[in-house]
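Right, one structure below, let's go through it.
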Amino acid sequence: MKKPIGLIVLGLIVFALVGVWLYLLLNGSPQVVKDNFTDLGTEGEEVEFIPTPETPEEVAENLQGGLKQITTRPVAGYRVLQNATGSVASKIYVAEPGTGHIYIIDQATREERKISNITIQDTSRVIFSKDGQFVVFATSDQNNKNFKLFAGTINEELGVNLIDFEDIAENFTVNDKNEILYGRSTADGYVALSYSLINSSRKTLFSLPFREARIIWDNSASSTHYAHPKASASLSGALYKVLPSGSLERTKVAGFGMSAITVDNNIIFGLVVDGEYQTRNLNSASNTVNNLDRTVIPEKCFPLESEGMLICGQDDLQGKEDLPDSWHRGEEGFADRLIYLDLTNNTSILLTDTFVDSQQNLDVIEINSYSAFNNIYFKNKNDDTLWMYEII
C-alpha cells in the first residue's frame with residue numbers, strides 16, 4: 001500500500017512543476033515591483049521621491065486652530081505688506097539676525113525669496129517702514145545696550161541700497177512719515193532726535209534729565225511723546241509727558257518697576273506694589289485709575305488706536321519673581337495667552353492659549369495687528385520666530 005501512495009505523490013509534484021514551467025513560458029519573467037514611496041503618480045506616472053531636508057525650511061507648517069508659525073528660524077524684524085487694494089496681506093518682509101539679510105515670504109504660497117545684496121554684520125534688530133520702501137538696521141555692542149543704526153532703501157529686484165545715515169541709539173522706531181525717531185544717553189541725561197528718510201533732515205526733539213530712558217513714541221516727530229526711566233523693581237520711576245515744545249510734564253503715574261504704553265486717552269502702566277506686579281489704567285479724560293481685568297506687562301501689548309483696546313500676550317504672573325527685571329534679562333519666560341483688553345468696559349477676551357495650540361512656550365512680543373486682514377502677528381521672545389494668529 002505504501003508504494004502506490006508514494007508514486008501518486010511523486011506524480012503530483014511532477015505535474016505541479018510542469019504547470020509552473022508552462023506559466024513562465026507563456027507570461028515571461030516576473031516584473032520587478034517598485035517601492036511604494038517612489039510610485040506616487042497616477043496612470044503609471046512615476047514621481048521622484050525627495051527626502052525631507054535636515055535643515056528646516058524658513059516657512060513652517062500651519063498649526064491647529066487659528067495659530068500659525070510663519071518662520072522656523074529667528075527674525076530680527078518683520079513687516080506685513082498689503083496688496084494694491086489694501087485688503088489682503090500679500091507678503092511679509094523678514095530680516096535675518098547676524099547678517100541683516102532680507103527675505104520676502106509670500107502669504108499665499110508660503111514661498112520665500114532672498115532680496116538682500118549686502119550684509120550688515122552683527123544685526124540684532126531691524127525695523128521696516130510701513131510702506132516697505134525703507135529699512136533701518138541696528139547692530140548692538142557687546143552689552144546689547146547701544147545700537148549703531150544704518151538705513152537703506154528696498155528694491156525687491158535690486159536689493160538694499162544704503163543711504164548716508166549712521167548714528168548711535170538706545171531706543172528707536174520708524175513712524176508712518178518715514179522718520180527715524182531715536183534717543184540715546186548723554187553725559188547730562190538723554191536726548192531724542194529724528195531723521196527723515198525722505199529728505200535727510202535731522203532734528204533734536206527734546207532732552208531728559210535722566211539716562212537709560214524708554215520713550216513711548218507718537219506717530220509724528222512733532223507730536224506729544226511720553227518717557228520714563230528704564231523699569232526696575234528696585235527703583236521708583238515716573239512717567240513724563242513730552243510736549244511738542246520739548247518741555248516736560250510729570251504725570252501721576254509713578255512707582256517701582258514702572259513701565260507704560262498709551263492708547264487714546266488711556267495710559268496703561270505696570271508697577272510693583274508690596275512685592276506684587278500689578279497693571280493699572282489711568283484714563284486722562286476722567287482722571288481716574290483702576291486695576292486692569294488682567295495683569296500684563298505693558299511692553300507685551302499692542303494698542304488699537306481709536307478702539308480703546310489692546311492686544312496682549314498674558315501669562316499667570318504669580319510666583320514669577322523680580323518682575324519686570326527678570327523678564328527683560330531673559331531669566332523669566334512666559335507661555336502666553338493672546339487676549340483682547342477692552343479698556344472702556346475693563347473686560348478681556350481670550351483669543352487663544354498659545355501653549356495649547358502649539359505645545360510650545362510662546363513669550364509674545366512685538367505684536368502687530370492689521371484690521372483689514374483679521375490677522376495678529378507677533379514674535380516669540382524665546383527664539384525670535386515669527387507667528388500669526390488668524391481671527392476666523
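Going by the C-alpha cells order, chains are called A, B, ..., each with residues numbered from 1, while ligands are numbered from 1 in the order shown.
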Q. Which neighbours of A:Ala108 fall inside 10 Å, counting only C-alpha atoms, when residues of the same chain fewer than 2 positions from it are skipped, and could you give them as a list in words?
A.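 Here the qualifying residues turn out to be Ala89, Ser90, Lys91, Ile105, Asp106, Arg110 and Glu111 of chain A.
Shell of A:Asn171 at 8 Å, with only C-alpha atoms counted and residues fewer than 4 places along the chain excluded, is Tyr182, Gly183, Arg184, Arg214 and Ile215 of chain A.
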**Q.** Spatial neighbours of stretch 98-100 of chain A, 9 Å, only C-alpha atoms, chain gap at least 3 places, as a ChimeraX atom specification
**A.** /A:76,95,116,118-126,137-139
Q: Could you give me the residues within stretch 234-341 of chain A that DSSP places in strand (DSSP E), as a PyMOL selection string?
A: chain A and resi 236-242+248-263+266-273+276-283+288-291+301-304+309-314+337-341
Q) Could you name the residues that touch A:Phe128 at 7 Å or less, counting only C-alpha atoms, but leaving out those on the same chain fewer than 5 positions away, as a PyMOL selection string? A) chain A and resi 78-79+134-136
(Q) Show me, as a list in words, the residues that have an atom within 8 Å of A:Thr251 when counting only C-alpha atoms, minus same-chain residues fewer than 5 positions from it. (A) Ala238, Leu239, Tyr240 and Lys241 of chain A
Take the residues from that selection and write them out as a CSV table (one decimal), in the first residue's frame, keeping C-alpha atoms.
chain,number,residue,atom,x,y,z
A,238,ALA,CA,7.7,108.4,37.0
A,239,LEU,CA,6.1,108.9,33.6
A,240,TYR,CA,6.6,112.2,31.8
A,241,LYS,CA,4.6,113.8,29.1
Closest contacts (stretch 180-234 of chain A/stretch 152-168 of chain A, max 12 Å, only C-alpha atoms) as a tab-separated table:
residue	atom	partner	partner_atom	distance
A:Ile180	CA	A:Phe165	CA	10.4
A:Leu181	CA	A:Asp167	CA	11.6
A:Tyr182	CA	A:Ile168	CA	8.8
A:Gly183	CA	A:Ile168	CA	8.3
A:Arg184	CA	A:Ile168	CA	7.0
A:Ser185	CA	A:Ile168	CA	9.6
A:Thr186	CA	A:Ile168	CA	11.1
A:Val191	CA	A:Ile168	CA	11.3
A:Ala192	CA	A:Ile168	CA	11.3
A:Leu193	CA	A:Asp167	CA	10.4
A:Ser194	CA	A:Asp167	CA	11.0
A:Tyr195	CA	A:Phe165	CA	8.6
A:Ser196	CA	A:Phe165	CA	9.9
A:Leu197	CA	A:Gly152	CA	8.6
A:Ile198	CA	A:Thr153	CA	10.4
A:Asn199	CA	A:Ile163	CA	11.2
A:Ser200	CA	A:Phe165	CA	8.1
A:Ser201	CA	A:Phe165	CA	10.3
A:Arg202	CA	A:Phe165	CA	10.0
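From atom CA of A:Thr288 back to atom CA of A:Gly308, the distance works out to 15.4 Å.
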Q) Between A:Leu317, A:Leu292, A:Val75, A:Leu67, which has the minimum distance to A:Thr385 (counting only C-alpha atoms)? A)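 Using only C-alpha atoms, A:Thr385 sits closest to A:Val75.
If only C-alpha atoms are the atoms counted, then among A:Glu366, A:Asp176, A:Asp218, A:Glu212 the closest residue to A:Val263 is A:Asp218.
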Q: For A:Gly189, work out the shell of residues within 6 Å, counting only C-alpha atoms and skipping chain neighbours fewer than 2 positions away, then give it as a list in words.
A: Ser185, Thr186, Ala187, Leu208, Pro209, Phe210 and Arg211 of chain A
Q. How far is it from atom CA of A:Asp383 to atom CA of A:Asn368, in Å with one decimal?
A.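 Answer for the atom CA of A:Asp383 to atom CA of A:Asn368 separation: 17.8 Å.
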